[in-house]
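Student: Have a peek at final_39.cif (mmCIF, C-alpha atoms).
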```
data_my_file
#
loop_
_atom_site.label_atom_id
_atom_site.label_comp_id
_atom_site.auth_asym_id
_atom_site.auth_seq_id
_atom_site.Cartn_x
_atom_site.Cartn_y
_atom_site.Cartn_z
CA MET V 1389 41.29 -42.64 -27.02
CA ILE V 1390 42.83 -39.19 -27.27
CA SER V 1391 40.08 -37.82 -25.06
CA LEU V 1392 40.80 -40.50 -22.45
CA VAL V 1393 44.49 -39.57 -22.41
CA PHE V 1394 43.58 -35.91 -22.19
CA ILE V 1395 41.18 -36.51 -19.29
CA ALA V 1396 43.77 -38.63 -17.48
CA ALA V 1397 46.41 -35.92 -17.92
CA LEU V 1398 43.98 -33.25 -16.69
CA PHE V 1399 43.07 -35.43 -13.70
CA ALA V 1400 46.73 -35.88 -12.77
CA LEU V 1401 47.38 -32.16 -13.18
CA LEU V 1402 44.43 -31.25 -10.96
CA LEU V 1403 45.49 -33.78 -8.32
CA TYR V 1404 49.00 -32.28 -8.39
CA VAL V 1405 47.58 -28.76 -7.94
CA VAL V 1406 45.31 -29.84 -5.09
CA ALA V 1407 48.19 -31.61 -3.35
CA ASN V 1408 50.26 -28.42 -3.55
CA MET V 1409 47.57 -26.12 -2.20
CA PRO V 1410 48.42 -24.46 1.12
CA PRO V 1411 46.92 -26.35 4.07
CA MET V 1412 43.70 -25.00 5.50
CA GLY V 1413 44.06 -22.76 8.53
CA ASP V 1414 47.85 -22.48 8.36
CA PRO V 1415 48.88 -19.03 9.69
CA ASP V 1416 51.75 -18.88 7.17
CA ASN V 1417 49.40 -19.01 4.17
CA PRO V 1418 49.96 -16.24 1.63
CA THR V 1419 46.39 -14.93 1.97
CA ASN V 1420 46.82 -14.32 5.69
CA SER V 1421 49.71 -11.93 5.25
CA SER V 1422 47.43 -9.23 3.82
CA GLU V 1423 46.57 -6.35 6.14
CA VAL V 1424 43.04 -6.12 4.75
CA ILE V 1425 42.13 -9.65 5.77
CA GLU V 1426 43.60 -9.18 9.23
CA ARG V 1427 41.50 -6.06 9.65
CA TYR V 1428 38.35 -7.83 8.45
CA LEU V 1429 38.80 -10.74 10.83
CA GLU V 1430 39.90 -8.79 13.90
CA LYS V 1431 37.75 -5.65 13.73
CA GLY V 1432 34.84 -6.95 11.65
CA GLY V 1433 32.76 -8.01 14.62
CA GLU V 1434 32.86 -4.71 16.48
CA GLU V 1435 32.73 -2.47 13.42
CA THR V 1436 29.83 -4.07 11.56
CA HIS V 1437 28.01 -5.90 14.37
CA ALA V 1438 27.47 -8.79 11.98
CA ASP V 1439 27.59 -12.25 13.51
CA ASN V 1440 28.78 -13.61 10.19
CA VAL V 1441 31.94 -11.95 8.92
CA VAL V 1442 30.93 -12.63 5.30
CA THR V 1443 27.73 -10.61 5.75
CA GLY V 1444 29.73 -7.82 7.35
CA ILE V 1445 32.11 -7.71 4.41
CA ILE V 1446 29.44 -7.90 1.70
CA ILE V 1447 26.96 -5.42 3.14
CA ASN V 1448 29.39 -3.10 4.86
CA TYR V 1449 33.05 -3.10 3.88
CA ARG V 1450 32.34 -3.91 0.24
CA GLY V 1451 29.00 -2.14 0.13
CA TYR V 1452 29.84 -0.28 -3.07
CA ASP V 1453 30.55 -3.57 -4.81
CA THR V 1454 27.25 -5.10 -3.71
CA MET V 1455 25.35 -1.97 -4.69
CA GLY V 1456 26.93 -2.23 -8.14
CA GLU V 1457 25.74 -5.84 -8.41
CA VAL V 1458 22.22 -4.83 -7.44
CA THR V 1459 22.30 -2.10 -10.08
CA VAL V 1460 23.53 -4.59 -12.68
CA ILE V 1461 20.50 -6.82 -12.03
CA PHE V 1462 18.17 -3.87 -12.40
CA CYS V 1463 19.91 -2.81 -15.64
CA ALA V 1464 19.50 -6.36 -16.98
CA LEU V 1465 15.75 -6.06 -16.44
CA ALA V 1466 15.72 -2.65 -18.13
CA ALA V 1467 17.60 -4.05 -21.15
CA VAL V 1468 15.31 -7.07 -21.47
CA LEU V 1469 12.22 -4.88 -21.27
CA ALA V 1470 13.70 -2.47 -23.81
CA VAL V 1471 14.06 -5.35 -26.30
CA LEU V 1472 10.96 -7.43 -25.57
CA GLY V 1473 8.61 -4.71 -24.38
CA ARG V 1474 6.65 -4.61 -21.19
CA GLU V 1475 2.99 -5.67 -21.06
CA ARG V 1476 0.59 -2.74 -20.86
CA ARG V 1477 -0.46 -1.74 -17.38
CA GLY V 1478 -3.66 -3.46 -16.35
CA ARG V 1479 -3.59 -6.12 -19.05
CA ILE V 1480 -2.87 -9.84 -18.96
CA TYR V 1481 -1.75 -11.49 -22.17
CA ALA V 1482 -2.57 -14.93 -23.45
CA TYR V 1483 -0.17 -17.76 -22.83
CA VAL V 1484 -0.56 -20.53 -25.39
CA ASP V 1485 0.86 -23.84 -24.25
CA ARG V 1486 2.86 -24.88 -27.30
CA SER V 1487 4.27 -28.09 -25.84
CA ARG V 1488 3.10 -31.22 -27.64
CA VAL V 1489 2.33 -33.01 -24.40
CA PRO V 1490 0.15 -31.19 -21.85
CA SER V 1491 1.31 -31.60 -18.28
CA SER V 1492 -0.24 -34.47 -16.36
CA VAL V 1493 -2.29 -34.43 -13.18
CA ILE V 1494 0.66 -35.74 -11.19
CA VAL V 1495 2.92 -32.88 -12.24
CA ARG V 1496 0.25 -30.25 -11.60
CA THR V 1497 -0.52 -31.63 -8.14
CA MET V 1498 3.12 -31.86 -7.15
CA VAL V 1499 3.94 -28.34 -8.39
CA ALA V 1500 0.94 -26.91 -6.54
CA LEU V 1501 2.08 -28.78 -3.43
CA LEU V 1502 5.77 -27.89 -3.61
CA VAL V 1503 5.77 -24.23 -4.70
CA PRO V 1504 4.57 -22.92 -1.28
CA PHE V 1505 7.35 -24.88 0.43
CA ILE V 1506 9.93 -23.49 -2.02
CA ILE V 1507 8.76 -19.94 -1.28
CA LEU V 1508 8.86 -20.66 2.47
CA PHE V 1509 12.42 -21.92 2.06
CA SER V 1510 13.39 -18.75 0.20
CA VAL V 1511 11.97 -16.60 3.02
CA TYR V 1512 14.14 -18.59 5.40
CA THR V 1513 17.14 -18.11 3.12
CA ILE V 1514 16.61 -14.34 2.98
CA LEU V 1515 15.91 -13.74 6.68
CA HIS V 1516 18.51 -16.16 7.98
CA GLY V 1517 21.12 -14.95 5.48
CA GLU V 1518 22.52 -12.57 8.06
CA ILE V 1519 24.06 -15.36 10.12
CA SER V 1520 24.22 -18.33 7.78
CA PRO V 1521 24.97 -19.04 4.11
CA GLY V 1522 22.32 -17.50 1.91
CA GLY V 1523 20.94 -14.02 1.64
CA GLY V 1524 18.94 -11.77 -0.59
CA PHE V 1525 20.38 -12.76 -3.98
CA GLN V 1526 19.94 -16.48 -3.39
CA GLY V 1527 16.48 -16.18 -1.85
CA GLY V 1528 15.26 -13.98 -4.69
CA ALA V 1529 16.58 -16.45 -7.25
CA ILE V 1530 14.71 -19.27 -5.47
CA VAL V 1531 11.42 -17.34 -5.59
CA GLY V 1532 12.00 -16.56 -9.27
CA GLY V 1533 12.75 -20.23 -10.01
CA SER V 1534 9.61 -21.41 -8.23
CA MET V 1535 7.50 -18.94 -10.22
CA ILE V 1536 9.13 -20.14 -13.47
CA VAL V 1537 8.05 -23.69 -12.61
CA PHE V 1538 4.57 -22.52 -11.66
CA THR V 1539 4.13 -20.46 -14.84
CA THR V 1540 5.28 -23.18 -17.21
CA ILE V 1541 2.82 -25.64 -15.66
CA PHE V 1542 -0.22 -23.46 -14.92
CA GLY V 1543 0.11 -20.71 -17.50
CA LEU V 1544 0.55 -16.97 -17.45
CA LEU V 1545 -3.00 -16.10 -16.39
CA GLU V 1546 -2.82 -18.03 -13.11
CA SER V 1547 0.55 -16.65 -12.10
CA SER V 1548 -0.35 -13.08 -13.12
CA GLN V 1549 -3.23 -13.32 -10.70
CA ARG V 1550 -0.93 -14.62 -7.97
CA ILE V 1551 1.62 -11.81 -8.48
CA PRO V 1552 -0.40 -8.69 -9.32
CA GLN V 1553 1.15 -6.00 -11.49
CA ARG V 1554 0.58 -3.17 -9.04
CA LEU V 1555 2.75 -5.10 -6.57
CA ARG V 1556 5.34 -6.24 -9.08
CA PHE V 1557 6.15 -2.99 -10.87
CA PRO V 1558 7.10 -0.92 -7.78
CA LEU V 1559 9.00 -3.78 -6.15
CA GLU V 1560 11.35 -4.31 -9.11
CA GLY V 1561 13.50 -1.42 -7.97
CA SER V 1562 13.29 -2.23 -4.28
CA ALA V 1563 16.80 -3.71 -4.13
CA VAL V 1564 18.50 -0.55 -5.39
CA ILE V 1565 16.21 1.74 -3.40
CA THR V 1566 16.66 -0.10 -0.08
CA PHE V 1567 20.40 -0.32 -0.46
CA PHE V 1568 20.71 3.34 -1.38
CA ALA V 1569 18.36 4.46 1.41
CA VAL V 1570 20.24 2.54 4.09
CA GLY V 1571 23.51 3.87 2.71
CA ALA V 1572 22.20 7.42 2.76
CA LEU V 1573 21.09 6.91 6.39
CA GLY V 1574 24.75 6.37 7.24
CA LEU V 1575 25.58 9.63 5.46
CA ALA V 1576 22.84 11.48 7.35
CA GLY V 1577 24.21 10.20 10.64
CA GLY V 1578 27.55 11.82 9.94
CA GLY V 1579 29.39 8.66 8.95
CA ASN V 1580 30.45 7.41 5.56
CA PHE V 1581 28.12 6.23 2.84
CA LEU V 1582 26.99 2.62 3.41
CA THR V 1583 28.38 2.33 6.94
CA PHE V 1584 26.48 1.72 10.13
CA ALA V 1585 28.69 3.98 12.25
CA TRP V 1586 26.87 7.25 12.98
CA PRO V 1587 29.22 9.49 14.95
CA GLU V 1588 26.92 12.54 15.14
CA ILE V 1589 23.92 10.69 16.55
CA ALA V 1590 25.59 7.96 18.54
CA GLY V 1591 29.15 6.80 18.73
CA ASN V 1592 28.02 3.53 17.30
CA LEU V 1593 24.59 2.12 16.64
CA GLN V 1594 23.00 -0.48 18.85
CA PRO V 1595 23.88 -3.95 17.53
CA SER V 1596 20.21 -4.97 17.37
CA LEU V 1597 19.39 -1.96 15.16
CA VAL V 1598 22.26 -2.81 12.82
CA VAL V 1599 20.97 -6.37 12.56
CA TRP V 1600 17.54 -5.06 11.59
CA LEU V 1601 19.05 -2.73 8.99
CA THR V 1602 20.96 -5.66 7.53
CA VAL V 1603 17.80 -7.76 7.41
CA LEU V 1604 16.03 -4.83 5.71
CA VAL V 1605 18.71 -4.65 3.03
CA GLU V 1606 18.60 -8.42 2.50
CA THR V 1607 14.80 -8.38 2.22
CA GLY V 1608 14.95 -5.55 -0.31
CA ILE V 1609 17.52 -7.40 -2.41
CA GLY V 1610 15.48 -10.61 -2.24
CA LEU V 1611 12.16 -9.00 -3.22
CA GLY V 1612 13.78 -6.94 -5.97
CA GLY V 1613 15.67 -9.91 -7.43
CA ALA V 1614 12.55 -12.09 -7.39
CA MET V 1615 10.40 -9.46 -9.08
CA VAL V 1616 13.08 -8.80 -11.72
CA LEU V 1617 13.22 -12.52 -12.58
CA ILE V 1618 9.42 -12.79 -12.70
CA SER V 1619 9.10 -9.70 -14.91
CA ILE V 1620 11.70 -11.05 -17.36
CA LEU V 1621 9.86 -14.39 -17.42
CA PHE V 1622 6.47 -12.74 -18.03
CA SER V 1623 7.77 -10.55 -20.84
CA MET V 1624 9.43 -13.57 -22.48
CA ILE V 1625 6.46 -15.93 -22.21
CA ARG V 1626 3.56 -13.69 -23.19
CA GLU V 1627 1.71 -13.82 -26.48
CA GLU V 1628 0.47 -10.74 -28.23
CA GLU V 1629 -3.29 -10.93 -27.82
CA GLU V 1630 -4.84 -9.79 -24.58
CA ILE V 1631 -7.25 -12.15 -22.87
CA ALA V 1632 -8.17 -10.54 -19.60
CA VAL V 1633 -8.19 -7.28 -17.72
CA VAL V 1634 -6.73 -7.16 -14.26
CA PRO V 1635 -9.54 -6.70 -11.73
CA MET S 716 31.91 -46.37 17.11
CA VAL S 717 29.27 -48.73 15.74
CA GLN S 718 27.24 -45.64 14.86
CA ASP S 719 30.14 -44.25 12.79
CA ILE S 720 30.63 -47.54 10.95
CA VAL S 721 26.93 -47.87 10.09
CA ALA S 722 26.78 -44.23 8.95
CA GLY S 723 29.88 -44.70 6.80
CA ALA S 724 28.45 -47.87 5.26
CA PHE S 725 25.23 -46.09 4.30
CA CYS S 726 27.19 -43.18 2.81
CA CYS S 727 29.34 -45.62 0.78
CA VAL S 728 26.20 -47.30 -0.56
CA GLY S 729 24.78 -43.91 -1.51
CA THR S 730 27.97 -42.86 -3.28
CA PHE S 731 28.07 -46.18 -5.13
CA PHE S 732 24.53 -45.66 -6.46
CA PHE S 733 25.43 -42.11 -7.53
CA LEU S 734 28.44 -43.48 -9.43
CA VAL S 735 26.36 -46.21 -11.09
CA GLY S 736 23.57 -43.78 -11.93
CA THR S 737 25.92 -41.26 -13.51
CA THR S 738 27.69 -43.97 -15.50
CA GLY S 739 24.33 -45.19 -16.75
CA LEU S 740 23.30 -41.66 -17.69
CA ILE S 741 26.39 -41.32 -19.86
CA ARG S 742 26.52 -44.81 -21.35
CA MET S 743 22.86 -45.66 -22.04
CA PRO S 744 21.60 -45.17 -25.60
CA ASP S 745 18.20 -43.41 -25.39
CA VAL S 746 15.92 -41.36 -23.12
CA PHE S 747 14.05 -44.22 -21.53
CA SER S 748 17.05 -46.34 -20.62
CA ARG S 749 18.89 -43.23 -19.39
CA LEU S 750 15.95 -42.33 -17.19
CA HIS S 751 16.16 -45.68 -15.43
CA PRO S 752 19.66 -45.28 -13.90
CA SER S 753 19.43 -41.54 -13.38
CA THR S 754 16.33 -41.78 -11.20
CA LYS S 755 18.21 -44.30 -9.03
CA CYS S 756 20.62 -41.48 -8.13
CA ASP S 757 17.95 -39.52 -6.34
CA THR S 758 16.00 -42.30 -4.70
CA LEU S 759 18.58 -44.88 -3.64
CA GLY S 760 21.70 -42.70 -3.70
CA ALA S 761 20.50 -39.52 -1.99
CA CYS S 762 18.27 -41.41 0.44
CA SER S 763 21.11 -43.72 1.49
CA LEU S 764 23.28 -40.66 2.11
CA ILE S 765 20.50 -39.07 4.16
CA VAL S 766 20.00 -42.26 6.18
CA GLY S 767 23.75 -42.33 6.80
CA MET S 768 23.70 -38.74 8.01
CA ALA S 769 20.66 -39.47 10.19
CA VAL S 770 22.47 -42.37 11.86
CA TYR S 771 25.51 -40.13 12.35
CA SER S 772 23.55 -37.27 13.91
CA GLY S 773 21.51 -39.45 16.27
CA TRP S 774 18.38 -38.21 18.02
CA SER S 775 18.34 -34.45 17.45
CA TRP S 776 16.57 -31.74 15.48
CA GLU S 777 18.82 -32.53 12.52
CA LEU S 778 17.01 -35.86 12.26
CA LEU S 779 13.69 -34.09 11.64
CA LYS S 780 15.29 -31.84 9.00
CA LEU S 781 16.85 -34.87 7.28
CA ILE S 782 13.50 -36.70 7.22
CA ILE S 783 11.84 -33.63 5.64
CA ILE S 784 14.65 -33.36 3.06
CA ALA S 785 14.27 -37.07 2.22
CA CYS S 786 10.50 -36.63 1.75
CA PHE S 787 10.97 -33.70 -0.63
CA VAL S 788 13.73 -35.47 -2.58
CA LEU S 789 11.52 -38.53 -3.04
CA LEU S 790 8.47 -36.49 -4.08
CA SER S 791 10.23 -34.19 -6.53
CA SER S 792 12.53 -36.75 -8.16
CA ALA S 793 9.67 -39.18 -8.75
CA THR S 794 7.65 -36.37 -10.34
CA CYS S 795 10.60 -35.37 -12.53
CA GLY S 796 11.09 -38.94 -13.74
CA HIS S 797 7.38 -39.21 -14.50
CA ALA S 798 7.31 -35.92 -16.42
CA ILE S 799 10.37 -36.71 -18.54
CA GLY S 800 9.28 -40.26 -19.31
CA ARG S 801 5.72 -39.26 -20.13
CA SER S 802 6.67 -36.41 -22.43
CA ALA S 803 9.24 -38.61 -24.20
CA LEU S 804 6.65 -41.36 -24.71
CA ARG S 805 3.86 -39.01 -25.87
CA GLY S 806 6.32 -37.04 -27.99
CA ASP S 807 6.96 -40.12 -30.16
CA ILE S 808 10.61 -40.59 -29.30
CA LYS S 809 11.77 -43.88 -30.76
CA CYS S 810 13.00 -46.60 -28.43
CA TRP S 811 16.55 -47.76 -29.04
CA ARG S 812 16.76 -51.29 -30.42
CA ARG S 813 19.68 -53.54 -31.19
CA LYS S 814 19.78 -54.49 -34.88
CA ASN S 815 20.72 -58.16 -35.41
CA GLY S 816 23.16 -58.08 -32.54
CA VAL S 817 25.05 -55.11 -34.00
CA GLU S 818 25.02 -51.89 -32.03
CA ASP S 819 23.80 -48.95 -34.08
CA GLY S 820 26.20 -46.53 -32.49
CA HIS S 821 23.66 -44.44 -30.63
CA GLY S 822 25.71 -44.64 -27.44
CA THR S 823 28.63 -42.43 -26.67
#
```
So that I can check it, write out the structure of this file as structure tokens.

Tutor:
Amino acid sequence: MISLVFIAALFALLLYVVANMPPMGDPDNPTNSSEVIERYLEKGGEETHADNVVTGIIINYRGYDTMGEVTVIFCALAAVLAVLGRERRGRIYAYVDRSRVPSSVIVRTMVALLVPFIILFSVYTILHGEISPGGGFQGGAIVGGSMIVFTTIFGLLESSQRIPQRLRFPLEGSAVITFFAVGALGLAGGGNFLTFAWPEIAGNLQPSLVVWLTVLVETGIGLGGAMVLISILFSMIREEEEIAVVP
Amino acid sequence: MVQDIVAGAFCCVGTFFFLVGTTGLIRMPDVFSRLHPSTKCDTLGACSLIVGMAVYSGWSWELLKLIIIACFVLLSSATCGHAIGRSALRGDIKCWRRKNGVEDGHGT
């Protein structure tokens, strides 16, 4: 009874707050009075060449912030591996299915059928993230999630063969490396770190080149995020005895 | 005009099934009876919403995307229901039973 009263009071409070929110698109809204937002909306298109202003802000104006996030993900992997330990190079460890009920034929068939489509969707999310909602972080998380499903159903051996170690280990750092390399390119061109304006080479880069650089950064973030998730999963799920040697 | 009304009707039906399914998920006493309403959310609820959106969008590329989404929703939700029900049954989870007309307080 008390919980019902509490929920009703919370509901009324939330309705009151929503009713008092500033109307969408009103030029007198408090957020629109900031100079920063005006600058983003008016100059964002010509300064970053991004069709989507959100992409321009995340990759370009707030590039330091995004690079910090990428570094945080990499540090999370480093911390997990420091605690759990990484599998030895060239070895695959046993995965013992400890669930009381082994997965049925239906589940195995459906997972085998759906995982390629999930990965295809994540490629779309990464590559189309430049002009639509999505991007590297989301696409990488989708790949990681699909591999979690695949590994819990088919076991560690199968998925270790699908994602070989010699591909996985170097790609874990690809997000940080790509972001830093593209940022340093801006520095080499005479501009600021993490900008696409290169005054010494050209007054401003061709828009198509900037788009490709953005796609490169997004792809790096996506691959790196996916490999970080898969490595954390593999180090959590493995058992101690080795069962196979990577060919 | 007729198109809008039909689309709205389908969306209302979908929302109704989502409401019923969620209520059942909260109120039902054990895994098996909870599985029954919650799978209705995905099949009837989401598919009615998708049909409503398809009617609203008319003949366009969105229609193809919506059909693909409906196919994947149907495939994956049916598989999920199967997996949960099967592992609950094989894992010896007791069915809820009413004792002499008195509820045993397993519900919320």

Student: Please provide the set of residues having any atom within 8 Å of region 801-810 of chain S, restricted to only C-alpha atoms, with same-chain residues fewer than 5 positions apart removed, written as a list in words.

Tutor: Arg1488 and Val1489 of chain V; Asp745, Val746 and Phe747 of chain S

Student: Using all atoms listed in the file, tabulate the residues of chain V lying at most 8 Å from any atom of chain S, each with its closest atom pair and that distance in Å to one decimal, by chain and increasing residue number, as CSV.

Tutor:
```
residue,atom,partner,partner_atom,distance
V:Arg1488,CA,S:Gly806,CA,6.7
V:Val1489,CA,S:Ser802,CA,5.9
V:Ser1491,CA,S:Ala798,CA,7.6
V:Ser1492,CA,S:Ala798,CA,7.7
V:Ile1494,CA,S:Thr794,CA,7.1
V:Val1495,CA,S:Thr794,CA,6.2
V:Met1498,CA,S:Thr794,CA,7.1
```

Student: Just write the chosen residues, C-alpha atoms, as a compact mmCIF listing (two decimals), in the frame of the given file.

Tutor:
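The result, stored in selection03.txt:
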```
# COMPACT_ATOMS: atom_id res chain seq x y z
CA ARG V 1488 3.10 -31.22 -27.64
CA VAL V 1489 2.33 -33.01 -24.40
CA SER V 1491 1.31 -31.60 -18.28
CA SER V 1492 -0.24 -34.47 -16.36
CA ILE V 1494 0.66 -35.74 -11.19
CA VAL V 1495 2.92 -32.88 -12.24
CA MET V 1498 3.12 -31.86 -7.15
```

Student: Just so the selection is clear, what residues does the PyMOL selection byres ((chain V and resi 1550-1560) around 10) cover here, as a ChimeraX atom specification?

Tutor: /V:1461-1462,1465,1475-1480,1535,1544-1549,1561-1565,1608-1609,1611-1619,1634-1635

Student: CA of Tyr1404 (chain V) to CA of Leu734 (chain S): how many Å, to one decimal?

Tutor: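 Interatomic distance, CA of Tyr1404 (chain V) to CA of Leu734 (chain S): 23.4 Å.
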
Student: Which residues would end up in the selection if the PyMOL selection byres ((chain S and resi 730) around 10) were applied here, given that I need the answer as an MDAnalysis selection string?

Tutor: chainID S and resid 724:729 731:736 756 759:761 763:764
